[in-house]
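J.: Sharing a structure here in structure tokens format.
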Amino acid sequence: MPAYGFAHLRVRTPHADILEYLERIQDTLDPFHGRFVIHGPPIEVIEGSWPGSMVLLEFPDLDTARAWYHSADYQEIMHLRTDHIDGDLLLIEGVGPNYDPRERAAKLRAQTG
């Protein structure tokens, strides 16, 4: 089942380190079959507010996403981003191709009595 690395980047400070990070990150993703699905602006906020920008990475599964994040190659460049961008990064397991939200609703109904 696919997994995703979701980053909400709130405050971005332009810096040469960010450019270096962008130049090097793909090489850290390739061994883990990671790819960018979404990478920053533009966004269209249609409900609520969204300060900042978004990045979405896709991996084959959650274990692979974790292995990428903890890899020596990514850890070596991570500071280039975190020193200059305020944000959050989450690893999230995706849903399968046959996901049906009605099944989730049924489970939640059963749990609440």
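Naming scheme: A, B, ... for chains in displayed order of the structure tokens; residues 1 onward per chain; ligands 1 onward as shown.
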From a DSSP pass on the backbone, collect the residues of chain A flagged as alpha helix (DSSP H) and hand them back as a PyMOL selection string.
T.: chain A and resi 16-29+62-70+72-82+101-112
J.: Considering only C-alpha atoms, return as a tab-separated table (two decimals) with N, CA, C and O atoms, in the first residue's frame whatever protein or nucleic-acid residues lie within 9 Å of Ile43 (chain A), sequence-local ones (same chain, fewer than 5 positions apart) excluded.
T.:
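result19.tsv was written with the following content:
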chain	number	residue	atom	x	y	z
A	50	TRP	N	-4.78	28.46	4.62
A	50	TRP	CA	-3.61	27.58	4.53
A	50	TRP	C	-2.37	28.45	4.47
A	50	TRP	O	-1.99	28.93	3.40
A	53	SER	N	3.02	26.39	2.21
A	53	SER	CA	2.92	25.55	1.02
A	53	SER	C	2.95	24.08	1.42
A	53	SER	O	3.09	23.75	2.60
A	54	MET	N	2.84	23.22	0.44
A	54	MET	CA	2.72	21.79	0.68
A	54	MET	C	3.67	21.03	-0.22
A	54	MET	O	3.92	21.40	-1.36
J.: Choose the residue, out of A:Met1, A:Ala7, A:Leu56, A:Ile77, that has the smallest atom-to-atom separation from Leu19 (chain A); count only C-alpha atoms.
T.: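 Smallest separation from Leu19 (chain A) among the options: A:Ile77.
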J.: Nearest residue to Gln26 (chain A) out of A:Val45, A:Ala67, A:Leu90, A:Leu57, using only C-alpha atoms?
T.: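 Closest residue, counting only C-alpha atoms: A:Leu57.
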J.: Using only C-alpha atoms, pick whichever of A:Asp17, A:Asp100, A:Glu76, A:Asp86 has the shortest atom-to-atom distance to Gly52 (chain A).
T.: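 Ranking A:Asp17, A:Asp100, A:Glu76, A:Asp86 by distance to Gly52 (chain A), first place goes to A:Asp86.
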J.: At a cut-off of 10 Å, using only C-alpha atoms, what residues contact Ala65 (chain A)? Leave out same-chain residues fewer than 5 positions from it and give the result as a ChimeraX atom specification.
T.: /A:2-5,29,32-34,57-60,70-71,91-93
J.: What is the CA of Leu9 (chain A)-CA of His39 (chain A) distance in Å, reported with one decimal?
T.: 10.5 Å
J.: Extract the full set of strand (DSSP E) residues from chain A according to DSSP on the backbone, and format it as number ranges by chain.
T.: A: 3-12, 35-39, 53-59, 85-93
J.: Between CA of Thr64 (chain A) and CA of Lys107 (chain A), what is the spacing in Å?
T.: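 Calculated distance between CA of Lys107 (chain A) and CA of Thr64 (chain A) is 28.4 Å.
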J.: With only C-alpha atoms as the basis for distance, which of A:Ile18, A:Leu108, A:Met78, A:Leu62 is at the shortest distance from Gly94 (chain A)?
T.: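 Using only C-alpha atoms, Gly94 (chain A) sits closest to A:Leu62.
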J.: I need the residue nearest Leu22 (chain A) from this list: A:Arg10, A:Arg66, A:Arg35, A:Arg81. Use only C-alpha atoms for the distance.
T.: A:Arg81
